[in-house]
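Undergrad: Got final_15.cif for you, mmCIF, C-alpha atoms:
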data_final
loop_
_atom_site.label_atom_id
_atom_site.label_comp_id
_atom_site.auth_asym_id
_atom_site.auth_seq_id
_atom_site.Cartn_x
_atom_site.Cartn_y
_atom_site.Cartn_z
CA MET E 1 26.07 -45.10 76.67
CA GLU E 2 24.84 -45.48 73.10
CA HIS E 3 24.86 -41.68 72.68
CA ALA E 4 28.36 -41.29 74.06
CA ARG E 5 29.73 -43.67 71.43
CA HIS E 6 28.32 -41.47 68.68
CA VAL E 7 30.03 -38.43 70.15
CA PHE E 8 33.37 -40.23 70.40
CA ARG E 9 33.11 -41.40 66.81
CA ILE E 10 32.55 -37.85 65.61
CA ILE E 11 35.43 -36.52 67.71
CA PHE E 12 37.65 -39.28 66.35
CA VAL E 13 36.78 -38.43 62.74
CA LEU E 14 37.29 -34.70 63.34
CA LEU E 15 40.66 -35.34 65.00
CA LEU E 16 41.67 -37.47 62.03
CA ALA E 17 40.69 -34.67 59.66
CA LEU E 18 42.66 -32.16 61.74
CA VAL E 19 45.76 -34.36 61.73
CA ALA E 20 45.45 -34.88 57.97
CA PHE E 21 45.08 -31.11 57.44
CA VAL E 22 48.05 -30.19 59.62
CA LEU E 23 50.20 -32.91 58.11
CA GLY E 24 49.19 -31.99 54.56
CA ARG E 25 49.81 -28.31 55.16
CA THR E 26 53.23 -28.91 56.67
CA LEU E 27 54.21 -31.04 53.71
CA LEU E 28 52.75 -28.80 50.99
CA VAL E 29 53.60 -25.29 52.15
CA PRO E 30 57.22 -24.41 51.26
CA LYS E 31 59.64 -23.83 54.10
CA SER E 32 60.04 -20.07 53.88
CA TYR E 33 56.49 -19.29 52.76
CA GLY E 34 54.80 -16.54 54.75
CA MET E 35 57.87 -15.18 56.51
CA TYR E 36 57.39 -11.70 55.07
CA GLY E 37 54.12 -12.09 53.24
CA PRO E 38 52.24 -14.58 51.11
CA TYR E 39 55.26 -15.70 49.11
CA ARG E 40 58.25 -17.99 49.38
CA PHE E 41 61.01 -15.89 50.92
CA ASP E 42 63.76 -18.22 49.69
CA ASN E 43 62.98 -17.02 46.17
CA VAL E 44 64.39 -13.59 47.02
CA ALA E 45 67.82 -15.15 47.51
CA GLU E 46 67.34 -17.34 44.45
CA GLN E 47 66.56 -14.28 42.34
CA ALA E 48 69.63 -12.46 43.69
CA ALA E 49 71.79 -15.41 42.64
CA ILE E 50 69.88 -16.35 39.50
CA ARG E 51 72.92 -15.72 37.29
CA PRO E 52 76.16 -13.74 37.49
CA PRO E 53 75.85 -10.18 36.16
CA LEU E 54 76.64 -10.15 32.45
CA HIS E 55 77.19 -6.44 31.89
CA GLY E 56 80.16 -4.90 33.67
CA GLY E 57 79.74 -1.24 32.83
CA ALA E 58 82.34 0.99 31.18
CA ALA E 59 84.53 1.16 34.28
CA SER E 60 85.15 -2.59 34.25
CA CYS E 61 86.50 -2.38 30.69
CA ALA E 62 89.08 0.18 31.81
CA ASP E 63 90.76 -2.46 33.99
CA CYS E 64 92.39 -3.91 30.87
CA HIS E 65 91.69 -1.38 28.14
CA ASP E 66 92.75 1.80 29.86
CA ASP E 67 93.97 3.45 26.64
CA LYS E 68 90.67 2.98 24.85
CA SER E 69 88.68 4.04 27.89
CA LYS E 70 90.63 7.27 28.23
CA LYS E 71 90.16 7.99 24.56
CA VAL E 72 86.41 7.42 24.76
CA ALA E 73 86.13 9.45 27.95
CA ALA E 74 87.75 12.42 26.25
CA GLY E 75 85.47 12.44 23.21
CA VAL E 76 81.83 13.06 22.42
CA HIS E 77 81.07 9.36 22.90
CA LYS E 78 82.01 9.57 26.57
CA HIS E 79 78.56 8.43 27.67
CA VAL E 80 78.43 5.58 25.18
CA SER E 81 79.19 2.45 27.16
CA CYS E 82 81.63 0.02 25.51
CA GLU E 83 79.02 -2.73 25.81
CA ILE E 84 76.55 -0.91 23.57
CA CYS E 85 78.69 -1.62 20.49
CA HIS E 86 80.83 -4.54 21.67
CA GLY E 87 78.29 -6.58 23.62
CA PRO E 88 78.23 -7.63 27.27
CA LEU E 89 81.48 -8.11 29.21
CA GLY E 90 80.33 -11.51 30.49
CA LEU E 91 80.71 -13.02 27.01
CA HIS E 92 84.32 -11.79 26.85
CA VAL E 93 85.67 -12.41 30.35
CA LYS E 94 84.70 -15.10 32.84
CA ASP E 95 86.31 -15.28 36.29
CA GLY E 96 89.12 -12.99 35.18
CA ASP E 97 90.02 -14.99 32.07
CA VAL E 98 89.35 -13.98 28.50
CA VAL E 99 86.99 -16.60 27.09
CA ALA E 100 86.07 -15.05 23.76
CA LYS E 101 86.90 -12.09 21.56
CA MET E 102 84.65 -9.11 21.80
CA ALA E 103 82.47 -8.46 18.80
CA ILE E 104 83.72 -5.61 16.66
CA GLU E 105 81.03 -4.38 14.36
CA ARG E 106 82.08 -1.93 11.70
CA SER E 107 78.92 -1.81 9.64
CA PHE E 108 77.00 1.40 9.18
CA THR E 109 73.89 -0.27 10.60
CA LEU E 110 75.51 -0.06 14.04
CA CYS E 111 76.08 3.68 13.71
CA ALA E 112 72.62 4.05 12.16
CA ARG E 113 70.91 2.81 15.31
CA CYS E 114 71.72 6.12 16.93
CA HIS E 115 72.60 8.49 14.12
CA ARG E 116 70.32 7.75 11.19
CA LYS E 117 67.82 10.57 10.85
CA ILE E 118 64.45 9.14 11.74
CA GLU E 119 61.18 10.42 13.08
CA GLY E 120 61.24 10.33 16.89
CA ARG E 121 64.73 11.43 17.86
CA PRO E 122 65.24 14.74 19.68
CA ASP E 123 66.08 17.47 17.15
CA LYS E 124 69.32 18.44 18.88
CA PHE E 125 70.75 14.94 18.63
CA PRO E 126 73.29 14.60 15.77
CA GLN E 127 71.61 12.68 12.95
CA VAL E 128 72.28 12.21 9.28
CA VAL E 129 70.26 11.05 6.32
CA LEU E 130 72.76 8.34 5.54
CA GLU E 131 72.30 8.24 1.79
CA GLN E 132 72.74 12.00 1.38
CA HIS E 133 75.54 12.22 3.92
CA VAL E 134 77.58 9.47 2.30
CA GLN E 135 77.13 10.93 -1.19
CA GLN E 136 78.30 14.34 0.02
CA MET E 137 81.39 12.76 1.49
CA GLY E 138 82.49 10.91 -1.65
CA PRO E 139 81.78 7.19 -1.49
CA THR E 140 78.56 6.13 -3.13
CA LYS E 141 77.83 2.78 -1.53
CA LEU E 142 76.13 2.33 1.84
CA GLU E 143 77.94 -0.76 2.89
CA GLY E 144 80.85 -2.13 4.88
CA LYS E 145 82.66 0.22 7.18
CA VAL E 146 81.67 3.34 5.31
CA CYS E 147 81.26 5.44 8.49
CA LEU E 148 84.61 4.37 9.88
CA GLU E 149 86.44 5.60 6.82
CA CYS E 150 86.03 9.12 8.19
CA HIS E 151 84.97 8.72 11.84
CA ASP E 152 86.78 7.01 14.71
CA PRO E 153 83.96 5.45 16.76
CA HIS E 154 85.96 5.79 19.99
CA SER E 155 86.31 9.52 19.54
CA PRO E 156 84.38 10.73 16.52
CA LYS E 157 85.09 14.20 15.22
CA LEU E 158 82.12 15.89 13.71
CA MET B 1 35.15 -37.33 93.13
CA ASP B 2 38.77 -36.19 93.43
CA ASP B 3 39.80 -38.61 90.75
CA THR B 4 37.25 -37.25 88.29
CA ARG B 5 38.31 -33.64 88.92
CA SER B 6 41.99 -34.34 88.33
CA THR B 7 41.15 -36.19 85.11
CA ARG B 8 39.15 -33.22 83.89
CA ARG B 9 42.01 -30.86 84.76
CA GLU B 10 44.46 -33.07 82.93
CA PHE B 11 42.14 -33.17 79.95
CA ILE B 12 41.89 -29.39 79.78
CA HIS B 13 45.67 -29.06 80.18
CA GLY B 14 46.19 -31.54 77.41
CA ALA B 15 43.67 -29.84 75.17
CA ILE B 16 45.30 -26.45 75.63
CA ARG B 17 48.74 -27.88 74.88
CA LEU B 18 47.43 -29.65 71.79
CA GLY B 19 45.61 -26.53 70.63
CA GLY B 20 48.69 -24.38 71.16
CA GLY B 21 50.84 -26.85 69.28
CA ALA B 22 48.38 -26.97 66.42
CA LEU B 23 48.32 -23.16 66.24
CA VAL B 24 52.10 -22.99 65.97
CA VAL B 25 52.04 -25.48 63.10
CA LEU B 26 49.10 -23.71 61.44
CA SER B 27 50.65 -20.28 61.68
CA GLY B 28 53.10 -21.42 59.07
CA THR B 29 56.78 -21.78 59.52
CA ALA B 30 59.41 -19.97 61.49
CA LEU B 31 58.19 -16.78 63.11
CA ALA B 32 61.64 -15.39 63.74
CA ALA B 33 62.88 -12.88 61.18
CA GLU B 34 65.84 -13.97 59.10
CA GLU B 35 68.43 -11.80 57.43
CA HIS B 36 68.47 -11.26 53.70
CA PRO B 37 70.51 -14.09 52.26
CA ALA B 38 72.48 -11.97 49.79
CA GLU B 39 75.73 -11.20 51.54
CA ARG B 40 76.39 -7.70 52.86
CA TYR B 41 73.05 -6.56 51.56
CA ASP B 42 70.25 -5.26 53.73
CA TRP B 43 66.97 -5.23 51.89
CA GLU B 44 65.46 -2.88 54.45
CA ALA B 45 68.07 -0.22 53.65
CA HIS B 46 66.83 0.36 50.10
CA ARG B 47 63.67 1.49 48.38
CA TYR B 48 64.26 1.61 44.68
CA ALA B 49 62.74 3.87 42.09
CA TYR B 50 63.23 4.24 38.36
CA LEU B 51 63.21 7.43 36.34
CA ILE B 52 62.70 7.63 32.58
CA ASP B 53 63.34 10.98 30.91
CA THR B 54 61.64 10.48 27.56
CA THR B 55 62.93 13.82 26.27
CA LYS B 56 66.43 12.33 26.12
CA CYS B 57 65.62 8.99 24.46
CA ILE B 58 67.08 8.55 20.97
CA GLY B 59 65.49 5.15 20.34
CA CYS B 60 68.78 3.26 19.88
CA GLY B 61 67.39 0.15 21.59
CA SER B 62 70.58 -0.55 23.54
CA CYS B 63 68.51 -1.09 26.68
CA VAL B 64 66.34 -3.72 25.00
CA ARG B 65 69.40 -5.61 23.72
CA ALA B 66 71.17 -5.39 27.07
CA CYS B 67 68.07 -6.61 28.92
CA ALA B 68 67.65 -9.56 26.58
CA ALA B 69 71.29 -10.59 26.98
CA GLU B 70 71.44 -10.00 30.73
CA ASN B 71 68.26 -11.88 31.52
CA ALA B 72 68.20 -14.47 28.72
CA VAL B 73 64.86 -13.12 27.49
CA PRO B 74 63.43 -15.37 24.74
CA ASP B 75 63.24 -13.90 21.23
CA GLY B 76 60.00 -12.09 20.56
CA PHE B 77 59.39 -11.33 24.24
CA TYR B 78 60.44 -8.23 26.12
CA ARG B 79 61.04 -7.31 29.75
CA THR B 80 61.58 -3.79 28.49
CA TRP B 81 60.85 -2.25 25.12
CA VAL B 82 60.79 1.11 23.41
CA GLU B 83 57.78 2.62 21.67
CA ARG B 84 57.83 5.39 19.08
CA TYR B 85 55.02 7.92 18.95
CA VAL B 86 54.65 10.02 15.81
CA LEU B 87 51.76 12.46 16.20
CA SER B 88 49.88 15.33 14.68
CA ALA B 89 46.35 16.68 14.88
CA GLU B 90 45.48 14.66 11.75
CA GLY B 91 46.75 11.30 12.81
CA SER B 92 49.02 9.21 14.95
CA HIS B 93 51.47 6.40 14.40
CA VAL B 94 52.86 4.20 17.17
CA ASP B 95 55.37 1.46 16.50
CA SER B 96 57.86 -0.74 18.29
CA PRO B 97 59.48 -3.07 15.74
CA ASN B 98 60.96 -6.05 17.61
CA GLY B 99 60.52 -4.03 20.79
CA GLY B 100 62.97 -1.47 19.45
CA LYS B 101 65.76 -4.03 19.84
CA ASP B 102 67.32 -3.23 16.47
CA GLY B 103 66.59 0.46 16.59
CA PHE B 104 63.93 2.15 14.48
CA PRO B 105 63.65 2.50 10.70
CA PRO B 106 62.62 5.68 8.88
CA ILE B 107 58.86 5.73 8.34
CA GLU B 108 56.38 7.23 5.95
CA THR B 109 53.25 8.49 7.65
CA GLY B 110 50.14 9.59 5.79
CA PHE B 111 50.27 12.88 7.64
CA LEU B 112 52.80 15.57 8.50
CA PRO B 113 54.00 14.82 12.05
CA THR B 114 54.09 17.76 14.42
CA LYS B 115 55.78 15.91 17.26
CA SER B 116 57.45 12.57 17.72
CA PHE B 117 59.31 10.88 20.54
CA PHE B 118 60.34 7.57 22.06
CA VAL B 119 58.96 6.08 25.28
CA PRO B 120 60.90 3.27 26.94
CA LYS B 121 58.56 0.94 28.79
CA MET B 122 58.96 -1.79 31.36
CA CYS B 123 57.43 -3.09 34.58
CA ASN B 124 56.40 -0.15 36.75
CA HIS B 125 56.98 -2.09 39.97
CA CYS B 126 53.71 -0.73 41.36
CA LYS B 127 53.19 -0.45 45.09
CA GLU B 128 49.56 -1.55 44.82
CA THR B 129 49.90 -3.92 41.97
CA PRO B 130 47.07 -5.98 40.50
CA CYS B 131 49.46 -8.70 39.28
CA ILE B 132 50.21 -9.82 42.82
CA GLN B 133 46.56 -9.66 43.88
CA VAL B 134 45.40 -12.05 41.19
CA CYS B 135 48.14 -14.68 41.62
CA PRO B 136 46.38 -17.78 42.97
CA VAL B 137 49.55 -19.51 44.23
CA GLY B 138 51.56 -16.71 45.84
CA ALA B 139 54.19 -16.74 43.11
CA SER B 140 54.09 -12.99 42.50
CA TYR B 141 55.33 -10.81 45.29
CA ARG B 142 56.91 -7.48 46.13
CA THR B 143 60.13 -7.34 48.13
CA LYS B 144 60.86 -4.85 50.90
CA GLU B 145 62.95 -2.78 48.49
CA GLY B 146 59.95 -2.49 46.18
CA VAL B 147 60.84 -5.00 43.48
CA VAL B 148 57.98 -7.02 42.03
CA MET B 149 59.15 -10.53 41.15
CA VAL B 150 57.86 -13.95 40.13
CA ASP B 151 58.81 -17.15 41.92
CA GLY B 152 59.30 -19.46 38.95
CA ASP B 153 59.09 -22.55 41.16
CA ARG B 154 55.65 -21.60 42.44
CA CYS B 155 54.21 -20.17 39.21
CA ILE B 156 51.77 -22.50 37.50
CA GLY B 157 51.64 -20.45 34.30
CA CYS B 158 47.93 -19.59 34.51
CA GLY B 159 48.55 -16.15 33.01
CA TYR B 160 46.20 -14.21 35.31
CA CYS B 161 48.98 -11.75 36.12
CA VAL B 162 49.77 -11.28 32.44
CA GLN B 163 46.16 -10.22 31.92
CA ALA B 164 45.97 -8.17 35.12
CA CYS B 165 49.00 -5.98 34.35
CA PRO B 166 47.68 -2.74 32.81
CA PHE B 167 51.09 -2.05 31.25
CA GLY B 168 51.67 -5.33 29.41
CA SER B 169 54.87 -5.86 31.34
CA ARG B 170 54.57 -9.62 31.83
CA PHE B 171 54.65 -12.58 29.50
CA LEU B 172 54.51 -16.35 29.71
CA SER B 173 57.93 -17.64 28.77
CA PRO B 174 57.89 -20.29 26.04
CA VAL B 175 61.00 -21.75 27.71
CA THR B 176 59.93 -22.07 31.35
CA HIS B 177 56.15 -21.82 30.76
CA THR B 178 55.97 -19.48 33.75
CA ALA B 179 55.32 -15.75 34.00
CA GLU B 180 58.40 -13.59 33.54
CA LYS B 181 59.00 -9.90 33.94
CA CYS B 182 61.50 -7.18 34.70
CA THR B 183 63.17 -7.67 38.09
CA TRP B 184 65.14 -4.42 37.91
CA CYS B 185 67.97 -6.92 37.43
CA TYR B 186 67.68 -8.11 41.03
CA HIS B 187 70.86 -10.16 40.60
CA ARG B 188 72.69 -6.91 39.81
CA ILE B 189 71.15 -4.40 42.20
CA THR B 190 71.74 -6.67 45.20
CA LYS B 191 75.45 -6.47 44.30
CA GLY B 192 75.42 -2.68 44.08
CA LEU B 193 75.24 -2.56 40.27
CA LYS B 194 72.63 -0.77 38.18
CA PRO B 195 70.12 -2.68 36.06
CA ALA B 196 71.57 -3.62 32.65
CA CYS B 197 69.31 -1.18 30.78
CA VAL B 198 70.53 1.71 32.92
CA THR B 199 74.16 0.59 32.61
CA VAL B 200 74.11 0.86 28.82
CA CYS B 201 71.78 3.82 28.28
CA PRO B 202 73.97 6.36 26.42
CA THR B 203 71.78 9.42 27.01
CA GLY B 204 70.80 9.19 30.66
CA THR B 205 67.19 8.55 29.72
CA ARG B 206 67.04 5.61 32.10
CA GLN B 207 68.07 6.19 35.69
CA PHE B 208 67.85 3.93 38.70
CA GLY B 209 67.88 5.24 42.22
CA ASP B 210 67.28 4.64 45.88
CA MET B 211 64.62 6.68 47.68
CA MET B 212 66.30 5.98 51.01
CA ARG B 213 69.41 7.94 50.02
CA ASP B 214 69.09 11.70 50.50
CA ASP B 215 71.62 12.62 47.81
CA ASP B 216 70.31 10.21 45.20
CA PRO B 217 69.82 12.01 41.85
CA VAL B 218 66.68 10.01 41.05
CA ARG B 219 65.15 10.84 44.42
CA GLN B 220 66.10 14.49 43.91
CA ALA B 221 64.45 14.50 40.49
CA ILE B 222 61.28 12.81 41.75
CA GLU B 223 61.06 15.17 44.71
CA HIS B 224 61.87 18.42 42.93
CA GLU B 225 60.84 18.02 39.31
CA ARG B 226 57.47 17.47 37.66
CA VAL B 227 57.28 13.76 37.08
CA SER B 228 54.34 11.62 36.10
CA VAL B 229 53.47 7.94 36.09
CA MET B 230 51.79 5.71 33.56
CA GLN B 231 47.98 5.41 33.94
CA PRO B 232 47.71 7.14 37.35
CA HIS B 233 43.91 6.74 37.37
CA LEU B 234 44.38 3.03 38.07
CA LEU B 235 45.92 3.91 41.45
CA THR B 236 48.55 1.21 41.17
CA GLU B 237 51.24 3.62 42.43
CA PRO B 238 53.95 2.87 39.85
CA GLN B 239 57.53 3.30 41.01
CA CYS B 240 58.75 4.05 37.49
CA PHE B 241 58.52 7.80 37.07
CA TYR B 242 58.49 9.59 33.74
CA ILE B 243 59.54 12.99 32.53
CA GLY B 244 57.92 14.28 29.37
CA LEU B 245 55.00 11.88 29.00
CA ASP B 246 52.34 12.82 26.45
CA LYS B 247 48.57 12.41 26.64
CA GLU B 248 48.80 9.89 23.81
CA VAL B 249 51.03 7.58 25.86
CA ARG B 250 49.17 4.84 27.68
#
Can you present the structure in this file as structure tokens?
TA:
Amino acid sequence: MEHARHVFRIIFVLLLALVAFVLGRTLLVPKSYGMYGPYRFDNVAEQAAIRPPLHGGAASCADCHDDKSKKVAAGVHKHVSCEICHGPLGLHVKDGDVVAKMAIERSFTLCARCHRKIEGRPDKFPQVVLEQHVQQMGPTKLEGKVCLECHDPHSPKL
Amino acid sequence: MDDTRSTRREFIHGAIRLGGGALVVLSGTALAAEEHPAERYDWEAHRYAYLIDTTKCIGCGSCVRACAAENAVPDGFYRTWVERYVLSAEGSHVDSPNGGKDGFPPIETGFLPTKSFFVPKMCNHCKETPCIQVCPVGASYRTKEGVVMVDGDRCIGCGYCVQACPFGSRFLSPVTHTAEKCTWCYHRITKGLKPACVTVCPTGTRQFGDMMRDDDPVRQAIEHERVSVMQPHLLTEPQCFYIGLDKEVR
């Protein structure tokens, strides 16, 4: 009889531990954890809806700015997305309404990002040593909209 | 005697039921498969891959700017960046000022360069990735489409994954204090859009494709052209493929 009581005590303690473990696990492990692997599956949906897409792509600009889009599409800048120079669509339009003006940058630093002659660019890509190029063309100062005085960024002629 | 036997039988029945119940609870949560929550999107119907043709890159940094804007990447941290390699037999120069975000300046090297090129870099979304293996809380994972992501709610910011990534693709965000990385713009690709970096790339250097589509140009390129991956000896099976990598590129 004395021995049996020992056994029951141990079983009771073990059962208590098991209940605590199961209860703790149920409370601590997130709901969708382990459905497809050792991660919380709900996060996949959270990531998909983390924020609305900010960039629309060139086609989305054509919805309102068809004239500009056609002009760009016909020129050598046809692969240059509007958002490269003007910034993401999401800052300009939200839910179909214009919320802010698009940035229009006319400085030569914008053009220089692609066309300044630097070490690293493929040789075939059109590049200029800005200082020399500008001097050849007349103006002497590398400032303001010096590139745009001769080139239309939407359809630059070389 | 009969009484004892029936009690024993009942006990065994009870024990089996209890054990079975416990197993169901222990085995985690729902066993039934659920559909992907993003509407009209089947995550089993895609297996994404990324192709970077370094021979086309002009180092304009549009991808870095687009990524930062699209994903609210904190200043000084990069989910993607562009490196410039200027090389000759005498010396080498590698730079990435501000991740290439503002483009690249002219440089003076102490040697006459014989070749130079840009290499856009980002998370390689490896199939066998060390960053997931080391995560102690199950915050890093790979989806069925092959996108490696971080669950910001689970991440404790220990930084093991940041150290484990051989490509330096992860960082601890000073804003959220959790690990962050490229998600291939998961919020875009699940809506049928391309990642922001691919959307703005003016030269076609960056391309995003689906290996489950026969006519996909990226799949075609990977299957028919000579592509390489970053650090293949690590056997992480990157899913970002490169054209025109150089031995100097790590």
Undergrad: Report as a PyMOL selection string the full result of the PyMOL selection byres ((chain E and resi 47-63) around 8) when it is applied to this structure.
TA: (chain E and resi 43-46+64-69+81-83+88-91) or (chain B and resi 38+66+69-70+186-188+190+196+199-200)
Undergrad: Name all residues at most 10 Å from Asp95 (chain B) (count all atoms listed in the file; drop same-chain ones fewer than 3 positions away) and give them as a ChimeraX atom specification.
TA: /B:82-86,98-100,104,107,118
Undergrad: Carefully work through the PyMOL selection byres ((chain E and resi 102-112) around 6) for this structure and note down the residues it includes, as a list in words.
TA: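 What the PyMOL selection byres ((chain E and resi 102-112) around 6) grabs from the file is His86, His92, Lys101, Arg113, Cys114, His115, Arg116, Gly144, Lys145 and Cys147 of chain E.
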Undergrad: For a test of reading the model, state the distance in Å between CA of Val229 (chain B) and CA of Ile243 (chain B), rounded to one decimal.
TA: 8.7 Å
Undergrad: Up to 10 Å from (66.4, 6.3, 22.4) in the file's coordinates: name the residues, counting only C-alpha atoms, as number ranges by chain.
TA: E: 113-114, 120-122; B: 54-63, 82-84, 100, 103-104, 117-120, 201-206
Undergrad: Please expand the PyMOL selection byres ((chain B and resi 80) around 7) into the concrete residues it hits in this file, giving the result as a ChimeraX atom specification.
TA: /B:64,78-79,81,121-122
Undergrad: When distances are computed from all atoms listed in the file, which of E:Gly34, E:Gly96, E:Pro126, E:Pro156 shows the smallest separation from chain B?
TA: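 So, comparing all the options, the nearest one is E:Gly34.
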Undergrad: The centre and edge lengths of an axis-aligned box containing all atoms of region 29-42 of chain E present in the file, extended by 3 Å on each side, are to be given in Å to one decimal, as JSON.
TA:
{"center_x": 58.0, "center_y": -18.5, "center_z": 52.8, "size_x": 17.5, "size_y": 19.6, "size_z": 13.4}
Undergrad: May I ask which of the residues E:Phe41, E:Thr26, E:Ala20, E:His3 is the closest one to Ser140 (chain B), counting only C-alpha atoms?
TA: E:Phe41
Undergrad: Could you work out how far CA of Thr129 (chain B) lies from CA of Pro38 (chain E), giving the answer in Å with one decimal?
TA: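 These atoms are spaced 14.2 Å apart.
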Undergrad: When you draw a straight line from CA of Gln133 (chain B) to CA of Leu23 (chain E), how long is it in Å?
TA: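 One can read the CA of Gln133 (chain B) to CA of Leu23 (chain E) distance as 27.5 Å.
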Undergrad: Point out the residue among E:His79, E:Cys150, E:Glu131, E:Asp123 with the least atom-to-atom distance to chain B, counting all atoms listed in the file.
TA: E:His79
Undergrad: From the set B:Cys240, B:Val249, B:Val150, B:Leu235, which residue has the shortest atom-to-atom contact distance to chain E, counting all atoms listed in the file?
TA: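 The closest residue to chain E is B:Val150.
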Undergrad: Write out as a count of residues only which residues come within 9 Å of Thr109 (chain B) when counting all atoms listed in the file, dropping same-chain ones fewer than 6 positions away.
TA: 4
Undergrad: Go through E:Ile10, E:Ala73, E:Val29, E:Ile118 and flag the residue nearest chain B, using all atoms listed in the file for the distances.
TA: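 Of E:Ile10, E:Ala73, E:Val29, E:Ile118, the one nearest chain B is E:Ile118, counting all atoms listed in the file.
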Undergrad: Compile the contact shell of Gln207 (chain B) as a PDB file with C-alpha atoms, in the coordinates of the input: residues with an atom at most 9 Å away, counting all atoms listed in the file, same-chain residues fewer than 2 positions apart removed.
TA:
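Produced file around_8.pdb, reproduced below:
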ATOM      1  CA  ALA B  49      62.740   3.870  42.090  1.00  0.00           C
ATOM      2  CA  TYR B  50      63.230   4.240  38.360  1.00  0.00           C
ATOM      3  CA  LEU B  51      63.210   7.430  36.340  1.00  0.00           C
ATOM      4  CA  ILE B  52      62.700   7.630  32.580  1.00  0.00           C
ATOM      5  CA  ASP B  53      63.340  10.980  30.910  1.00  0.00           C
ATOM      6  CA  LYS B 194      72.630  -0.770  38.180  1.00  0.00           C
ATOM      7  CA  CYS B 197      69.310  -1.180  30.780  1.00  0.00           C
ATOM      8  CA  VAL B 198      70.530   1.710  32.920  1.00  0.00           C
ATOM      9  CA  THR B 199      74.160   0.590  32.610  1.00  0.00           C
ATOM     10  CA  CYS B 201      71.780   3.820  28.280  1.00  0.00           C
ATOM     11  CA  GLY B 204      70.800   9.190  30.660  1.00  0.00           C
ATOM     12  CA  THR B 205      67.190   8.550  29.720  1.00  0.00           C
ATOM     13  CA  GLY B 209      67.880   5.240  42.220  1.00  0.00           C
ATOM     14  CA  PRO B 217      69.820  12.010  41.850  1.00  0.00           C
ATOM     15  CA  VAL B 218      66.680  10.010  41.050  1.00  0.00           C
TER      16      VAL B 218
END
Undergrad: I'd like to know which of E:Phe8, E:Lys70, E:Val76, E:Val13 is closest to chain B, using all atoms listed in the file.
TA: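 Among E:Phe8, E:Lys70, E:Val76, E:Val13, it is E:Val76 that comes nearest to chain B.
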